[in-house]
Amino acid sequence: MGRSRRTLPEELLLLALDPATGTTAQPQSLDLGLAGAQLVELALAGRIAPDGDRIAVVVPRPTGDPTLDCALELLRRRGAPVRAVHWIGGPRLGLRQTYLSHLERCGMVAAVPGQMCGVLPTTRYQATETAISREIRGRLDSAIRTGVPPDPRTAALAALAHAVGLGKHLYPGNEGRSSRSRLRDLIRHDPMGGLVAHAVMDVQNGAAAQPRRAPAATGRPAPGSRPVAEPAHGVPMQPRHGSMARAVAH
């Protein structure tokens, strides 16, 4: 996979970065979204495929992206298809920081050290390639505004953005309500993105113990499934501890 193309986890993270504060919106749910975005990216690369509500490795060949290949190898080692909610809800220590550090090395964000309460060290991140961030946001805006079915990558990005609660960050207030509703509706345009987005929301809602029927390609909810709701708000910033990765604030 060539590095000329940004991966879905990178795009989701850039969407979540607040240009005014240098913090990430929805930090805890974003971690789940990044794990889900890896699954969608691997599916787009032809390495995995949905099997009901499970994920199966179909081509174990590496993609060339180290972070994605680590996820692919972990999936391969399972030996059998794994439920999406179990994968997304598993430990993902440092995944957000891994992608932030990668974006920093690529020159797309710059780390800005600071302090919380004047004592605890924190790190904020400012997007430096603002044209890239505008292009990503523009794809979502266009899909919402025109109603034209987006390409699978944009549809999956929209599904993940909704699942982690970025709708209220991207389209705030009463004036953004209709845009948030249309963002939610875009979930039906990509079956894999829809499966992963529902898994992300199920993990947040503590519903990972019950199997969910895979969403149909038409976007109609499976019998007995819950309606799609807007996820909850994020959580406060956490300080850096010892040798742990630099904190990313909300």
# chains A, B, ... in the order shown; residues from 1 in each chain; ligands from 1

call {"tool": "residues_around", "arguments": {"residues": "stretch 147-163 of chain A", "least_positions_apart": "5", "cutoff": "10 Å", "atoms": "only C-alpha atoms", "output": "ChimeraX atom specification"}}
result
/A:7-9,11-13,15-16,29-30,32-34,36-37,40-41,44,136-137,139-142,168-170,180-202,204,228-232

call {"tool": "select_by_dssp", "arguments": {"residues": "stretch 111-220 of chain A", "states": "strand (DSSP E)", "output": "ChimeraX atom specification"}}
result
/A:111-116,120-127

call {"tool": "write_last_selection", "arguments": {"atoms": "N, CA and C atoms", "output": "CSV table (one decimal), in the first residue's frame"}}
result
chain,number,residue,atom,x,y,z
A,111,ALA,N,3.5,18.8,17.0
A,111,ALA,CA,3.3,18.6,18.5
A,111,ALA,C,3.6,19.9,19.2
A,112,VAL,N,2.7,20.4,20.0
A,112,VAL,CA,2.9,21.6,20.8
A,112,VAL,C,2.8,21.2,22.3
A,113,PRO,N,4.0,21.2,23.0
A,113,PRO,CA,4.0,20.9,24.4
A,113,PRO,C,3.3,22.0,25.3
A,114,GLY,N,2.7,21.6,26.3
A,114,GLY,CA,2.0,22.5,27.2
A,114,GLY,C,1.9,21.9,28.6
A,115,GLN,N,1.1,22.6,29.4
A,115,GLN,CA,0.8,22.1,30.8
A,115,GLN,C,-0.7,22.2,31.1
A,116,MET,N,-1.1,21.3,31.9
A,116,MET,CA,-2.5,21.3,32.4
A,116,MET,C,-2.4,21.7,33.9
A,120,LEU,N,1.0,19.7,35.1
A,120,LEU,CA,1.1,18.5,34.4
A,120,LEU,C,1.4,18.7,32.9
A,121,PRO,N,2.4,18.0,32.4
A,121,PRO,CA,2.8,18.2,31.0
A,121,PRO,C,1.7,17.5,30.1
A,122,THR,N,1.4,18.2,29.0
A,122,THR,CA,0.5,17.7,28.0
A,122,THR,C,1.1,18.0,26.7
A,123,THR,N,0.5,17.4,25.6
A,123,THR,CA,0.9,17.7,24.3
A,123,THR,C,-0.3,17.9,23.4
A,124,ARG,N,-0.4,19.0,22.7
A,124,ARG,CA,-1.5,19.2,21.8
A,124,ARG,C,-0.9,19.1,20.4
A,125,TYR,N,-1.8,18.9,19.4
A,125,TYR,CA,-1.4,18.7,18.0
A,125,TYR,C,-2.1,19.7,17.1
A,126,GLN,N,-1.3,20.4,16.3
A,126,GLN,CA,-1.9,21.3,15.3
A,126,GLN,C,-1.7,20.7,13.9
A,127,ALA,N,-2.7,20.7,13.1
A,127,ALA,CA,-2.6,20.3,11.7
A,127,ALA,C,-1.7,21.3,11.0

call {"tool": "select_by_dssp", "arguments": {"residues": "stretch 4-108 of chain A", "states": "alpha helix (DSSP H)", "output": "VMD selection string"}}
result
chain A and resid 8 to 16 27 to 44 66 to 78 84 to 88 95 to 105

call {"tool": "atom_distance", "arguments": {"atom1": "atom CA of A:Leu72", "atom2": "atom CA of A:Asp51"}}
result
15.8 Å

call {"tool": "atom_distance", "arguments": {"atom1": "atom CA of A:Val82", "atom2": "atom CA of A:Ala56"}}
result
6.8 Å

call {"tool": "decode", "arguments": {"residues": "stretch 4-23 of chain A", "atoms": "N, CA, C and O atoms", "output": "PDB file, in the first residue's frame"}}
result
ATOM      1  N   SER A   4       1.321   7.313  -0.557  1.00  0.00           N
ATOM      2  CA  SER A   4       0.698   8.482  -1.159  1.00  0.00           C
ATOM      3  C   SER A   4      -0.766   8.572  -0.752  1.00  0.00           C
ATOM      4  O   SER A   4      -1.367   9.637  -0.831  1.00  0.00           O
ATOM      5  N   ARG A   5      -1.350   7.449  -0.305  1.00  0.00           N
ATOM      6  CA  ARG A   5      -2.745   7.435   0.105  1.00  0.00           C
ATOM      7  C   ARG A   5      -2.838   7.428   1.612  1.00  0.00           C
ATOM      8  O   ARG A   5      -2.223   6.612   2.276  1.00  0.00           O
ATOM      9  N   ARG A   6      -3.615   8.328   2.140  1.00  0.00           N
ATOM     10  CA  ARG A   6      -3.841   8.345   3.583  1.00  0.00           C
ATOM     11  C   ARG A   6      -4.791   7.205   3.955  1.00  0.00           C
ATOM     12  O   ARG A   6      -5.732   6.910   3.240  1.00  0.00           O
ATOM     13  N   THR A   7      -4.530   6.584   5.083  1.00  0.00           N
ATOM     14  CA  THR A   7      -5.397   5.504   5.529  1.00  0.00           C
ATOM     15  C   THR A   7      -6.595   6.081   6.282  1.00  0.00           C
ATOM     16  O   THR A   7      -6.564   7.231   6.757  1.00  0.00           O
ATOM     17  N   LEU A   8      -7.625   5.276   6.428  1.00  0.00           N
ATOM     18  CA  LEU A   8      -8.823   5.724   7.139  1.00  0.00           C
ATOM     19  C   LEU A   8      -8.545   6.108   8.595  1.00  0.00           C
ATOM     20  O   LEU A   8      -9.101   7.099   9.075  1.00  0.00           O
ATOM     21  N   PRO A   9      -7.721   5.356   9.337  1.00  0.00           N
ATOM     22  CA  PRO A   9      -7.406   5.818  10.694  1.00  0.00           C
ATOM     23  C   PRO A   9      -6.780   7.211  10.699  1.00  0.00           C
ATOM     24  O   PRO A   9      -7.101   8.032  11.562  1.00  0.00           O
ATOM     25  N   GLU A  10      -5.901   7.484   9.761  1.00  0.00           N
ATOM     26  CA  GLU A  10      -5.276   8.808   9.696  1.00  0.00           C
ATOM     27  C   GLU A  10      -6.314   9.877   9.385  1.00  0.00           C
ATOM     28  O   GLU A  10      -6.311  10.964   9.989  1.00  0.00           O
ATOM     29  N   GLU A  11      -7.205   9.584   8.442  1.00  0.00           N
ATOM     30  CA  GLU A  11      -8.227  10.566   8.080  1.00  0.00           C
ATOM     31  C   GLU A  11      -9.195  10.813   9.239  1.00  0.00           C
ATOM     32  O   GLU A  11      -9.595  11.951   9.485  1.00  0.00           O
ATOM     33  N   LEU A  12      -9.569   9.749   9.935  1.00  0.00           N
ATOM     34  CA  LEU A  12     -10.465   9.910  11.077  1.00  0.00           C
ATOM     35  C   LEU A  12      -9.819  10.760  12.158  1.00  0.00           C
ATOM     36  O   LEU A  12     -10.464  11.625  12.767  1.00  0.00           O
ATOM     37  N   LEU A  13      -8.540  10.539  12.399  1.00  0.00           N
ATOM     38  CA  LEU A  13      -7.826  11.309  13.419  1.00  0.00           C
ATOM     39  C   LEU A  13      -7.714  12.773  13.018  1.00  0.00           C
ATOM     40  O   LEU A  13      -7.883  13.672  13.853  1.00  0.00           O
ATOM     41  N   LEU A  14      -7.440  13.040  11.748  1.00  0.00           N
ATOM     42  CA  LEU A  14      -7.366  14.427  11.291  1.00  0.00           C
ATOM     43  C   LEU A  14      -8.725  15.118  11.404  1.00  0.00           C
ATOM     44  O   LEU A  14      -8.799  16.313  11.720  1.00  0.00           O
ATOM     45  N   LEU A  15      -9.804  14.381  11.147  1.00  0.00           N
ATOM     46  CA  LEU A  15     -11.143  14.945  11.325  1.00  0.00           C
ATOM     47  C   LEU A  15     -11.395  15.325  12.778  1.00  0.00           C
ATOM     48  O   LEU A  15     -12.061  16.323  13.063  1.00  0.00           O
ATOM     49  N   ALA A  16     -10.871  14.514  13.690  1.00  0.00           N
ATOM     50  CA  ALA A  16     -11.139  14.716  15.110  1.00  0.00           C
ATOM     51  C   ALA A  16     -10.305  15.838  15.720  1.00  0.00           C
ATOM     52  O   ALA A  16     -10.640  16.342  16.799  1.00  0.00           O
ATOM     53  N   LEU A  17      -9.232  16.247  15.063  1.00  0.00           N
ATOM     54  CA  LEU A  17      -8.379  17.306  15.605  1.00  0.00           C
ATOM     55  C   LEU A  17      -9.093  18.653  15.535  1.00  0.00           C
ATOM     56  O   LEU A  17      -9.563  19.057  14.471  1.00  0.00           O
ATOM     57  N   ASP A  18      -9.178  19.339  16.646  1.00  0.00           N
ATOM     58  CA  ASP A  18      -9.777  20.668  16.692  1.00  0.00           C
ATOM     59  C   ASP A  18      -8.712  21.686  16.321  1.00  0.00           C
ATOM     60  O   ASP A  18      -7.720  21.833  17.027  1.00  0.00           O
ATOM     61  N   PRO A  19      -8.893  22.413  15.205  1.00  0.00           N
ATOM     62  CA  PRO A  19      -7.848  23.355  14.787  1.00  0.00           C
ATOM     63  C   PRO A  19      -7.645  24.508  15.755  1.00  0.00           C
ATOM     64  O   PRO A  19      -6.567  25.109  15.793  1.00  0.00           O
ATOM     65  N   ALA A  20      -8.654  24.816  16.564  1.00  0.00           N
ATOM     66  CA  ALA A  20      -8.526  25.942  17.487  1.00  0.00           C
ATOM     67  C   ALA A  20      -7.774  25.570  18.752  1.00  0.00           C
ATOM     68  O   ALA A  20      -7.024  26.379  19.306  1.00  0.00           O
ATOM     69  N   THR A  21      -7.949  24.337  19.224  1.00  0.00           N
ATOM     70  CA  THR A  21      -7.367  23.947  20.503  1.00  0.00           C
ATOM     71  C   THR A  21      -6.217  22.959  20.376  1.00  0.00           C
ATOM     72  O   THR A  21      -5.452  22.777  21.323  1.00  0.00           O
ATOM     73  N   GLY A  22      -6.114  22.273  19.235  1.00  0.00           N
ATOM     74  CA  GLY A  22      -5.072  21.275  19.079  1.00  0.00           C
ATOM     75  C   GLY A  22      -5.342  20.005  19.857  1.00  0.00           C
ATOM     76  O   GLY A  22      -4.422  19.221  20.106  1.00  0.00           O
ATOM     77  N   THR A  23      -6.590  19.793  20.241  1.00  0.00           N
ATOM     78  CA  THR A  23      -6.968  18.583  20.969  1.00  0.00           C
ATOM     79  C   THR A  23      -7.855  17.709  20.088  1.00  0.00           C
ATOM     80  O   THR A  23      -8.356  18.155  19.055  1.00  0.00           O
TER      81      THR A  23
END
